[in-house]
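The structure appears right after this line, and notes come after that.
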Amino acid sequence: MEANDSTIKLFYNTEREKLQMPEYGRNVLRMVEQLKGIPDRAKRSEQAKAVVKVMETLNPQVHQQENFEQKLWDHLYMIAGYDLDIDSPYPAPLPEAKAIRPMVIPIDKSPVRATHYGRNIESIIDLIAGEPEGEVKTAMIRSLAIYMRQQYLIWNKDSVADETIFADIEKLSDYRIKVPEGLELTKISQDSNFSRPGMNLGMNGQNRKNNKKNNRNKNRK
């Protein structure tokens, strides 16, 4: 906003030059523009260090990246449009590097054979199938079966037989896994609650209302 006599003009971001690094804001852009106007190279380089410190304060998330200090100096060059003549502690980045598309991460699009168990279960089953027979593999199968039973109860029924879970393990492994005879799972406590995610939202508030109503009825008696 600028004032000229009694006239006030508002400037909107849509009317301004697009920021190369929006996370640092226009104040940093102004600092960089003033930095580029310093005629002495030594002073310009010294002022660049101060601007980088400001950028580090405004963007603390950069600390989570490897070589974050070099990242900050790269961002300084990008804000300056790669037109910055200073003594930097790191090589100046090239404009062409920004145009390189990131590597595409492959996504497993194969269908999940049992959606109530999830895709990760299939990976675990593949891992267990490659283990040699013995006590360790039996313990792994038992732990897997307990977890699969919990997932089953969340999305399907109020109870499920151990044999059903064992059969699912063998089927999902393409019968590479044979559940040992006599394997039993721990009993499920009657207090256990295997509700679907989000099913109990708002229940606490409803319970408080019911409690208040019951208390009022008791006081009337």
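In the structure tokens, chains take letters A, B, ... by order of appearance, with residues numbered from 1 within each chain and ligands from 1 in the order shown.
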Do you know which residues are at most 10 Å from Tyr82 of chain A counting only C-alpha atoms, after dropping those on the same chain fewer than 5 positions away, and could you put them as a list in words?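 Neighbouring residues, sequence-local ones excluded: Asp74, His75, Leu76, Tyr77, Ala92, Pro93, Leu94 and Pro95 of chain A.
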Can those selected residues be exported to a file as a tab-separated table (two decimals), in the first residue's frame so that it contains C-alpha atoms?
```
chain	number	residue	atom	x	y	z
A	74	ASP	CA	20.85	-22.37	-3.57
A	75	HIS	CA	17.53	-20.74	-2.65
A	76	LEU	CA	19.27	-17.36	-2.47
A	77	TYR	CA	20.49	-17.77	-6.03
A	92	ALA	CA	26.35	-21.57	-7.64
A	93	PRO	CA	23.46	-23.75	-8.89
A	94	LEU	CA	22.63	-23.84	-12.56
A	95	PRO	CA	19.20	-22.73	-13.83
```
Skipping near chain neighbours, those fewer than 3 positions away, what residues fall within 8 Å of segment 33-43 of chain A using only C-alpha atoms, listed as a list in words?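 Everything that qualifies: Leu29, Arg30, Glu46, Gln47, Ala48, Ala80, Leu84, Asp85, Ile86 and Asp87 of chain A.
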Writer output for current selection, C-alpha atoms, as a PDB file, in the first residue's frame:
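Saved as again32.pdb:
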```pdb
ATOM      1  CA  LEU A  29      12.961 -10.648  -2.321  1.00  0.00           C
ATOM      2  CA  ARG A  30      13.468  -6.952  -1.574  1.00  0.00           C
ATOM      3  CA  GLU A  46      28.942 -10.187   3.498  1.00  0.00           C
ATOM      4  CA  GLN A  47      25.368  -8.966   3.141  1.00  0.00           C
ATOM      5  CA  ALA A  48      24.452 -12.240   1.401  1.00  0.00           C
ATOM      6  CA  ALA A  80      17.971 -13.638  -7.362  1.00  0.00           C
ATOM      7  CA  LEU A  84      24.139 -12.968  -8.266  1.00  0.00           C
ATOM      8  CA  ASP A  85      27.862 -12.237  -8.213  1.00  0.00           C
ATOM      9  CA  ILE A  86      29.077 -13.085  -4.695  1.00  0.00           C
ATOM     10  CA  ASP A  87      31.658 -15.214  -2.919  1.00  0.00           C
TER      11      ASP A  87
END
```
Name the residues in contact with segment 54-59 of chain A at a cut-off of 8 Å, using only C-alpha atoms, excluding same-chain residues fewer than 6 positions from it; report them as a PyMOL selection string. chain A and resi 23-24+28+72
Give the alpha helix (DSSP H) residues of segment 69-144 of chain A, as assigned by DSSP on the backbone, as a PyMOL selection string. chain A and resi 69-79+95-98+119-129+135-144
Writing out the chosen residues with N, CA and C atoms as a JSON list (two decimals), in the first residue's frame:
```json
[["chain", "number", "residue", "atom", "x", "y", "z"],
["A", 69, "GLU", "N", 22.46, -26.03, 4.74],
["A", 69, "GLU", "CA", 23.12, -24.74, 4.51],
["A", 69, "GLU", "C", 23.31, -24.50, 3.02],
["A", 70, "GLN", "N", 23.71, -25.54, 2.30],
["A", 70, "GLN", "CA", 23.85, -25.38, 0.85],
["A", 70, "GLN", "C", 22.50, -25.14, 0.20],
["A", 71, "LYS", "N", 21.45, -25.76, 0.74],
["A", 71, "LYS", "CA", 20.10, -25.55, 0.21],
["A", 71, "LYS", "C", 19.72, -24.08, 0.33],
["A", 72, "LEU", "N", 20.05, -23.47, 1.47],
["A", 72, "LEU", "CA", 19.71, -22.06, 1.67],
["A", 72, "LEU", "C", 20.42, -21.16, 0.65],
["A", 73, "TRP", "N", 21.71, -21.44, 0.40],
["A", 73, "TRP", "CA", 22.44, -20.64, -0.58],
["A", 73, "TRP", "C", 21.89, -20.87, -1.99],
["A", 74, "ASP", "N", 21.48, -22.10, -2.27],
["A", 74, "ASP", "CA", 20.85, -22.37, -3.57],
["A", 74, "ASP", "C", 19.56, -21.56, -3.71],
["A", 75, "HIS", "N", 18.78, -21.51, -2.62],
["A", 75, "HIS", "CA", 17.53, -20.74, -2.65],
["A", 75, "HIS", "C", 17.81, -19.25, -2.86],
["A", 76, "LEU", "N", 18.90, -18.76, -2.27],
["A", 76, "LEU", "CA", 19.27, -17.36, -2.47],
["A", 76, "LEU", "C", 19.51, -17.07, -3.95],
["A", 77, "TYR", "N", 20.24, -17.96, -4.60],
["A", 77, "TYR", "CA", 20.49, -17.77, -6.03],
["A", 77, "TYR", "C", 19.19, -17.84, -6.84],
["A", 78, "MET", "N", 18.31, -18.72, -6.44],
["A", 78, "MET", "CA", 17.04, -18.86, -7.16],
["A", 78, "MET", "C", 16.19, -17.61, -7.02],
["A", 79, "ILE", "N", 16.15, -17.05, -5.80],
["A", 79, "ILE", "CA", 15.40, -15.81, -5.59],
["A", 79, "ILE", "C", 15.97, -14.68, -6.43],
["A", 95, "PRO", "N", 20.65, -22.83, -13.57],
["A", 95, "PRO", "CA", 19.20, -22.73, -13.83],
["A", 95, "PRO", "C", 18.64, -24.01, -14.45],
["A", 96, "GLU", "N", 19.48, -24.72, -15.22],
["A", 96, "GLU", "CA", 19.00, -25.93, -15.88],
["A", 96, "GLU", "C", 18.63, -27.01, -14.87],
["A", 97, "ALA", "N", 19.27, -26.99, -13.69],
["A", 97, "ALA", "CA", 19.00, -28.03, -12.69],
["A", 97, "ALA", "C", 17.58, -27.97, -12.18],
["A", 98, "LYS", "N", 16.99, -26.77, -12.14],
["A", 98, "LYS", "CA", 15.63, -26.64, -11.65],
["A", 98, "LYS", "C", 14.62, -27.24, -12.62],
["A", 119, "ARG", "N", -2.40, -54.25, 2.20],
["A", 119, "ARG", "CA", -1.31, -54.68, 1.33],
["A", 119, "ARG", "C", -0.07, -55.10, 2.11],
["A", 120, "ASN", "N", 0.17, -54.45, 3.26],
["A", 120, "ASN", "CA", 1.39, -54.76, 4.03],
["A", 120, "ASN", "C", 1.38, -56.20, 4.53],
["A", 121, "ILE", "N", 0.20, -56.72, 4.81],
["A", 121, "ILE", "CA", 0.10, -58.11, 5.27],
["A", 121, "ILE", "C", 0.67, -59.06, 4.23],
["A", 122, "GLU", "N", 0.39, -58.78, 2.96],
["A", 122, "GLU", "CA", 0.90, -59.65, 1.90],
["A", 122, "GLU", "C", 2.43, -59.62, 1.86],
["A", 123, "SER", "N", 3.01, -58.44, 2.11],
["A", 123, "SER", "CA", 4.47, -58.34, 2.14],
["A", 123, "SER", "C", 5.05, -59.13, 3.30],
["A", 124, "ILE", "N", 4.38, -59.07, 4.45],
["A", 124, "ILE", "CA", 4.85, -59.81, 5.63],
["A", 124, "ILE", "C", 4.74, -61.32, 5.38],
["A", 125, "ILE", "N", 3.66, -61.73, 4.74],
["A", 125, "ILE", "CA", 3.48, -63.15, 4.44],
["A", 125, "ILE", "C", 4.58, -63.63, 3.50],
["A", 126, "ASP", "N", 4.93, -62.82, 2.51],
["A", 126, "ASP", "CA", 6.02, -63.19, 1.60],
["A", 126, "ASP", "C", 7.33, -63.35, 2.36],
["A", 127, "LEU", "N", 7.55, -62.46, 3.34],
["A", 127, "LEU", "CA", 8.77, -62.53, 4.14],
["A", 127, "LEU", "C", 8.80, -63.81, 4.98],
["A", 128, "ILE", "N", 7.69, -64.13, 5.62],
["A", 128, "ILE", "CA", 7.63, -65.32, 6.47],
["A", 128, "ILE", "C", 7.76, -66.59, 5.64],
["A", 129, "ALA", "N", 7.19, -66.56, 4.43],
["A", 129, "ALA", "CA", 7.24, -67.75, 3.57],
["A", 129, "ALA", "C", 8.68, -68.13, 3.23],
["A", 135, "GLU", "N", 11.13, -72.92, 15.21],
["A", 135, "GLU", "CA", 10.41, -72.19, 16.25],
["A", 135, "GLU", "C", 10.25, -70.71, 15.91],
["A", 136, "VAL", "N", 11.27, -70.13, 15.28],
["A", 136, "VAL", "CA", 11.21, -68.71, 14.94],
["A", 136, "VAL", "C", 10.09, -68.45, 13.93],
["A", 137, "LYS", "N", 10.00, -69.30, 12.91],
["A", 137, "LYS", "CA", 8.96, -69.13, 11.91],
["A", 137, "LYS", "C", 7.58, -69.34, 12.53],
["A", 138, "THR", "N", 7.46, -70.32, 13.43],
["A", 138, "THR", "CA", 6.17, -70.56, 14.09],
["A", 138, "THR", "C", 5.75, -69.35, 14.90],
["A", 139, "ALA", "N", 6.69, -68.73, 15.62],
["A", 139, "ALA", "CA", 6.39, -67.54, 16.40],
["A", 139, "ALA", "C", 5.96, -66.39, 15.50],
["A", 140, "MET", "N", 6.61, -66.27, 14.34],
["A", 140, "MET", "CA", 6.24, -65.21, 13.40],
["A", 140, "MET", "C", 4.83, -65.44, 12.86],
["A", 141, "ILE", "N", 4.49, -66.69, 12.55],
["A", 141, "ILE", "CA", 3.15, -67.01, 12.04],
["A", 141, "ILE", "C", 2.10, -66.69, 13.10],
["A", 142, "ARG", "N", 2.40, -67.02, 14.34],
["A", 142, "ARG", "CA", 1.45, -66.77, 15.44],
["A", 142, "ARG", "C", 1.23, -65.26, 15.63],
["A", 143, "SER", "N", 2.29, -64.48, 15.62],
["A", 143, "SER", "CA", 2.15, -63.03, 15.77],
["A", 143, "SER", "C", 1.36, -62.43, 14.61],
["A", 144, "LEU", "N", 1.63, -62.93, 13.40],
["A", 144, "LEU", "CA", 0.90, -62.47, 12.23],
["A", 144, "LEU", "C", -0.57, -62.82, 12.36]]
```
For Glu163 of chain A, the closest of A:Arg44, A:Arg149, A:Lys53, A:Arg176 counting only C-alpha atoms is A:Arg149
Å distance separating atom CA of Gly134 of chain A from atom CA of Ile177 of chain A, one decimal place: 12.2 Å
Expressed in Å to a single decimal, how great is the separation between atom CA of Met21 of chain A and atom CA of Gln65 of chain A? 16.6 Å
Could you pull the residues within 9 Å of His116 of chain A, counting only C-alpha atoms, minus those fewer than 4 positions along the same chain, as a PyMOL selection string? chain A and resi 148+151-152+154-156
